[in-house]
Amino acid sequence: MAETALQHRGEAAPRTTLPTSLDVEMVTPRGVIAHENTDALTAPGELGEFELLPGHVPLLTALKPGVLTIGEKKPTRYAVSSGYLRVGVGGAIEVLVEQAMLGSEVDVEVARTELKAAEAELAKWGDRELDGDYRNLVQRAEWARARLDAAST
């Protein structure tokens, strides 16, 4: 095995320490929803759910409506709408979403009512063009479903 220059001179190789936590900031157009130092983050990516741990490489990905969980040892569940998640070079995580709500603050009856209304309107859509109004209905249904999922444990 090849000897490094430091070993040849009898010096110890510098130790690199791995990060032990994630610095997570979740922001909506209304402001900061959460800013936490945690051990893990699970998010609803466009291509499926994924988990981030300390030391993750830089990343930018799209999020779909669903449940975002901050922390593994002490998890906090949030309902999030569509948006983006970015892991910076230093490991800081930014979650930028249109809407976010703590799972414990979800009014389950309101979310159920909104989901039922949106699904009923979608069922009546028929052969009409799938335009912006249709997309808004789909987003309303997805947001209601995300809140219901975040409220369940």
# chains A, B, ... in the order shown; residues from 1 in each chain; ligands from 1
>>> residues_around(residues="range 64-69 of chain A", least_positions_apart="5", cutoff="8 Å", atoms="only C-alpha atoms", output="list of chain:residue names")
A:Leu41, A:Thr42, A:Ala43, A:Pro44, A:Gly45, A:Glu46, A:Pro75, A:Thr76, A:Arg77, A:Tyr78, A:Ala79, A:Val80, A:Ser81, A:Ser82, A:Gly83, A:Glu142, A:Trp143, A:Arg145, A:Ala146, A:Arg147, A:Asp149, A:Ala150
>>> closest_residue(among="A:Thr20, A:Thr61, A:Gln139, A:Thr113", to="Gly91 in chain A", atoms="only C-alpha atoms")
A:Thr20
>>> residues_around(residues="His35 in chain A", least_positions_apart="5", cutoff="8 Å", atoms="only C-alpha atoms", output="PyMOL selection string")
chain A and resi 23-26
>>> closest_residue(among="A:Val97, A:Thr17, A:Arg135, A:Val110", to="Leu122 in chain A", atoms="only C-alpha atoms")
A:Arg135
>>> atom_distance(atom1="CA of Val89 in chain A", atom2="CA of Arg30 in chain A")
26.0 Å
>>> residues_around(residues="Arg86 in chain A", least_positions_apart="6", cutoff="9 Å", atoms="only C-alpha atoms", output="list in words")
Pro58, Leu59, Leu60, Thr61, Ala62, Ala92, Ile93, Glu94, Val95 and Leu96 of chain A
>>> write_last_selection(atoms="N, CA and C atoms", output="JSON list (two decimals), in the first residue's frame")
[["chain", "number", "residue", "atom", "x", "y", "z"],
["A", 58, "PRO", "N", -24.96, 18.13, -1.93],
["A", 58, "PRO", "CA", -25.87, 19.17, -2.42],
["A", 58, "PRO", "C", -26.90, 18.58, -3.40],
["A", 59, "LEU", "N", -28.11, 19.14, -3.34],
["A", 59, "LEU", "CA", -29.23, 18.58, -4.09],
["A", 59, "LEU", "C", -30.30, 19.64, -4.27],
["A", 60, "LEU", "N", -31.00, 19.58, -5.39],
["A", 60, "LEU", "CA", -32.19, 20.40, -5.62],
["A", 60, "LEU", "C", -33.23, 19.48, -6.21],
["A", 61, "THR", "N", -34.42, 19.43, -5.59],
["A", 61, "THR", "CA", -35.46, 18.54, -6.08],
["A", 61, "THR", "C", -36.84, 19.15, -5.89],
["A", 62, "ALA", "N", -37.78, 18.73, -6.73],
["A", 62, "ALA", "CA", -39.16, 19.18, -6.63],
["A", 62, "ALA", "C", -39.91, 18.33, -5.62],
["A", 92, "ALA", "N", -26.93, 22.84, 4.77],
["A", 92, "ALA", "CA", -28.19, 23.47, 5.19],
["A", 92, "ALA", "C", -29.30, 23.07, 4.22],
["A", 93, "ILE", "N", -30.49, 22.83, 4.76],
["A", 93, "ILE", "CA", -31.62, 22.40, 3.93],
["A", 93, "ILE", "C", -32.68, 23.48, 3.93],
["A", 94, "GLU", "N", -33.08, 23.90, 2.74],
["A", 94, "GLU", "CA", -34.16, 24.87, 2.57],
["A", 94, "GLU", "C", -35.33, 24.15, 1.91],
["A", 95, "VAL", "N", -36.50, 24.27, 2.54],
["A", 95, "VAL", "CA", -37.73, 23.72, 1.97],
["A", 95, "VAL", "C", -38.60, 24.92, 1.62],
["A", 96, "LEU", "N", -38.89, 25.09, 0.33],
["A", 96, "LEU", "CA", -39.68, 26.22, -0.15],
["A", 96, "LEU", "C", -40.98, 25.66, -0.73]]
>>> atom_distance(atom1="CA of Leu63 in chain A", atom2="CA of Ala123 in chain A")
25.5 Å
>>> select_by_dssp(residues="range 18-97 of chain A", states="strand (DSSP E)", output="number ranges by chain")
A: 22-28, 31-38, 41-45, 48-52, 59-63, 66-70, 76-80, 83-87, 93-97
>>> atom_distance(atom1="CA of Gly55 in chain A", atom2="CA of Gln99 in chain A")
27.3 Å
>>> residues_around(residues="Val106 in chain A", least_positions_apart="4", cutoff="8 Å", atoms="only C-alpha atoms", output="list in words")
Met101, Leu102, Ala111, Arg147, Leu148, Ala150 and Ala151 of chain A
>>> closest_residue(among="A:Leu22, A:Glu98, A:Leu115, A:Asp133", to="Pro54 in chain A", atoms="only C-alpha atoms")
A:Leu22
